[in-house]
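Below is one structure, written out as structure tokens, with a few remarks after it.
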Amino acid sequence: MLSDKFRVFTAVCECGGLTKAGEKLFISQPAISRCIKNLEEEMGTKLIAFRFGQMKKMHITRHGEILLKHCQRVILEEERLKQELAECENYILPFEPYKVIKNLCDDPDYVMGKRLNQLVSSIAQTRGERDRLYNTLRDDQNVRKKVFESGQRRFYCYHIGDVEKYIENMKID
């Protein structure tokens, strides 16, 4: 995607001035000037020249014209991409977390999923109680656990001995 510096440069060229570009982009004129100056330093060449006379007139240099052409092409492609993404149906493959993690948690000393649910359900009767117990298990520093991340989801495998001790302590209390 196109950098903000290039967007500012394109707006300045298309609007014909720093102030007009600032109004279009809702950025102050000094910020636009700094951005153009930084871009010129980064590119190692002058992109915009000003001629002073009766009126201050802006001219795009040859290097500026080349950069502008490339920026406009990237902006056009970016708009096409957004349009194409908006038109297509957003299909997400079904997520099967246990297939993803199956091999990761083959350690017989650790438990997750159905087996963990059975252990937790032995003392927690309602869904709220089960959720609270899962959260306390997850946050307890004394319970050994393995954490696996898949995409934006996080999965916990708990040491079975620690979970059983934890549940026994909960039954006594």
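Each chain in the structure tokens gets a letter, A, B, ..., in the order shown, and its residues are numbered from 1; ligands are numbered from 1 in order too.
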So which residues touch His59 in chain A within 9 Å, counting only C-alpha atoms, skipping near sequence neighbours fewer than 4 positions away, as a VMD selection string? chain A and resid 13 16 47 to 51
Can you pull out every residue within 9 Å of Thr45 in chain A, counting only C-alpha atoms, but drop anything in the same chain fewer than 5 positions away, and send it as a PyMOL selection string? chain A and resi 39-40+63-64
Residues from last step as file, N, CA and C atoms, as a PDB file, in the first residue's frame:
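Final output, result-v9.pdb:
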```pdb
ATOM      1  N   LEU A  39      10.287  13.744   1.871  1.00  0.00           N
ATOM      2  CA  LEU A  39      10.227  12.868   0.698  1.00  0.00           C
ATOM      3  C   LEU A  39      11.345  13.212  -0.277  1.00  0.00           C
ATOM      4  N   GLU A  40      11.598  14.507  -0.470  1.00  0.00           N
ATOM      5  CA  GLU A  40      12.685  14.925  -1.360  1.00  0.00           C
ATOM      6  C   GLU A  40      14.036  14.454  -0.830  1.00  0.00           C
ATOM      7  N   HIS A  63      11.779  14.683 -12.155  1.00  0.00           N
ATOM      8  CA  HIS A  63      11.761  13.579 -11.196  1.00  0.00           C
ATOM      9  C   HIS A  63      10.413  13.500 -10.490  1.00  0.00           C
ATOM     10  N   GLY A  64       9.831  14.654 -10.197  1.00  0.00           N
ATOM     11  CA  GLY A  64       8.509  14.705  -9.581  1.00  0.00           C
ATOM     12  C   GLY A  64       7.436  14.111 -10.479  1.00  0.00           C
TER      13      GLY A  64
END
```
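Non-sequential neighbours of Ala21 in chain A (distance at most 9 Å, separation of 4 or more positions within a chain, only C-alpha atoms) are Val8, Phe9, Thr10, Ala11, Val12, Cys13, Glu14, Cys15, Gly16, Gly17, Leu25, Phe26, Ile27, Gln29 and Ile32 of chain A.
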Would you export the selected residues with all heavy atoms as a compact mmCIF listing (two decimals), in the first residue's frame, please?
```txt
# COMPACT_ATOMS: atom_id res chain seq x y z
N VAL A 8 0.49 12.40 0.13
CA VAL A 8 0.58 13.86 0.27
C VAL A 8 1.18 14.45 -1.00
O VAL A 8 0.66 15.45 -1.53
CB VAL A 8 1.42 14.24 1.52
CG1 VAL A 8 1.76 15.71 1.52
CG2 VAL A 8 0.69 13.85 2.80
N PHE A 9 2.26 13.87 -1.51
CA PHE A 9 2.89 14.36 -2.72
C PHE A 9 1.89 14.36 -3.88
O PHE A 9 1.78 15.33 -4.63
CB PHE A 9 4.11 13.50 -3.06
CG PHE A 9 4.72 13.84 -4.39
CD1 PHE A 9 5.44 15.01 -4.56
CD2 PHE A 9 4.58 12.98 -5.47
CE1 PHE A 9 6.00 15.33 -5.79
CE2 PHE A 9 5.13 13.28 -6.70
CZ PHE A 9 5.84 14.46 -6.86
N THR A 10 1.15 13.27 -4.03
CA THR A 10 0.16 13.17 -5.10
C THR A 10 -0.91 14.25 -4.95
O THR A 10 -1.29 14.90 -5.94
CB THR A 10 -0.48 11.77 -5.11
OG1 THR A 10 0.54 10.79 -5.22
CG2 THR A 10 -1.45 11.60 -6.25
N ALA A 11 -1.38 14.46 -3.74
CA ALA A 11 -2.40 15.48 -3.51
C ALA A 11 -1.87 16.88 -3.83
O ALA A 11 -2.58 17.69 -4.44
CB ALA A 11 -2.89 15.43 -2.06
N VAL A 12 -0.63 17.17 -3.46
CA VAL A 12 -0.03 18.47 -3.75
C VAL A 12 0.03 18.68 -5.26
O VAL A 12 -0.32 19.75 -5.78
CB VAL A 12 1.37 18.59 -3.12
CG1 VAL A 12 2.12 19.81 -3.66
CG2 VAL A 12 1.27 18.68 -1.60
N CYS A 13 0.47 17.67 -5.99
CA CYS A 13 0.59 17.78 -7.45
C CYS A 13 -0.78 17.95 -8.10
O CYS A 13 -0.94 18.75 -9.02
CB CYS A 13 1.30 16.56 -8.02
SG CYS A 13 3.02 16.46 -7.52
N GLU A 14 -1.76 17.19 -7.64
CA GLU A 14 -3.08 17.24 -8.25
C GLU A 14 -3.83 18.54 -7.90
O GLU A 14 -4.58 19.06 -8.71
CB GLU A 14 -3.91 16.03 -7.84
CG GLU A 14 -3.40 14.74 -8.49
CD GLU A 14 -4.09 13.48 -7.98
OE1 GLU A 14 -4.85 13.56 -6.99
OE2 GLU A 14 -3.86 12.42 -8.58
N CYS A 15 -3.60 19.06 -6.68
CA CYS A 15 -4.28 20.29 -6.26
C CYS A 15 -3.55 21.54 -6.74
O CYS A 15 -4.13 22.63 -6.76
CB CYS A 15 -4.41 20.33 -4.74
SG CYS A 15 -5.52 19.09 -4.09
N GLY A 16 -2.29 21.41 -7.05
CA GLY A 16 -1.53 22.55 -7.55
C GLY A 16 -0.98 23.45 -6.48
O GLY A 16 -0.57 24.57 -6.76
N GLY A 17 -0.98 23.00 -5.24
CA GLY A 17 -0.43 23.83 -4.18
C GLY A 17 -0.49 23.14 -2.83
O GLY A 17 -1.28 22.22 -2.62
N LEU A 25 -6.65 17.13 2.40
CA LEU A 25 -6.24 16.03 3.28
C LEU A 25 -6.47 16.31 4.76
O LEU A 25 -6.19 15.46 5.60
CB LEU A 25 -4.75 15.72 3.06
CG LEU A 25 -4.35 15.26 1.66
CD1 LEU A 25 -2.83 15.16 1.55
CD2 LEU A 25 -4.99 13.93 1.33
N PHE A 26 -6.95 17.52 5.07
CA PHE A 26 -7.16 17.95 6.46
C PHE A 26 -5.85 17.92 7.25
O PHE A 26 -5.77 17.42 8.36
CB PHE A 26 -8.23 17.09 7.15
CG PHE A 26 -9.55 17.11 6.45
CD1 PHE A 26 -9.95 16.03 5.68
CD2 PHE A 26 -10.38 18.21 6.54
CE1 PHE A 26 -11.16 16.04 5.02
CE2 PHE A 26 -11.59 18.24 5.88
CZ PHE A 26 -11.99 17.15 5.11
N ILE A 27 -4.80 18.43 6.62
CA ILE A 27 -3.47 18.52 7.22
C ILE A 27 -3.01 19.97 7.08
O ILE A 27 -3.30 20.62 6.08
CB ILE A 27 -2.47 17.59 6.50
CG1 ILE A 27 -2.94 16.14 6.55
CG2 ILE A 27 -1.08 17.70 7.12
CD1 ILE A 27 -2.09 15.19 5.73
N GLN A 29 -0.68 23.24 6.39
CA GLN A 29 0.27 23.54 5.32
C GLN A 29 1.72 23.29 5.75
O GLN A 29 2.49 22.71 4.99
CB GLN A 29 0.05 24.97 4.81
CG GLN A 29 0.85 25.33 3.58
CD GLN A 29 2.21 25.93 3.94
OE1 GLN A 29 2.35 26.59 4.95
NE2 GLN A 29 3.19 25.67 3.09
N ILE A 32 2.39 19.63 5.50
CA ILE A 32 2.53 19.23 4.10
C ILE A 32 3.94 19.58 3.61
O ILE A 32 4.61 18.77 2.96
CB ILE A 32 1.49 19.95 3.21
CG1 ILE A 32 0.07 19.57 3.61
CG2 ILE A 32 1.74 19.72 1.74
CD1 ILE A 32 -0.45 18.30 3.05
```
Closest to Arg73 in chain A among A:Lys46, A:Arg130, A:Lys57, A:Arg7, using only C-alpha atoms? A:Arg7
Nearest to Thr136 in chain A among A:Phe148, A:Phe6, A:Phe155, A:Tyr166, with distances taken over only C-alpha atoms: which residue is it?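 Using only C-alpha atoms, Thr136 in chain A sits closest to A:Tyr166.
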Using the chain letters and numbers from this document, which residues of range 21-146 of chain A does DSSP assign to strand (DSSP E), as a PyMOL selection string? chain A and resi 48-51+57-60+110-111+145-146
Which is closest to Leu18 in chain A among A:Leu85, A:Ile36, A:Leu133, A:Ala124, if we use only C-alpha atoms?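 Residue with the minimum atom-to-atom distance to Leu18 in chain A: A:Ile36.
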Given only C-alpha atoms as the counted atoms, nearest of A:Ile167, A:Ile75, A:Cys88, A:Cys157 to Ser121 in chain A: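 Of A:Ile167, A:Ile75, A:Cys88, A:Cys157, the one nearest Ser121 in chain A is A:Ile167, counting only C-alpha atoms.
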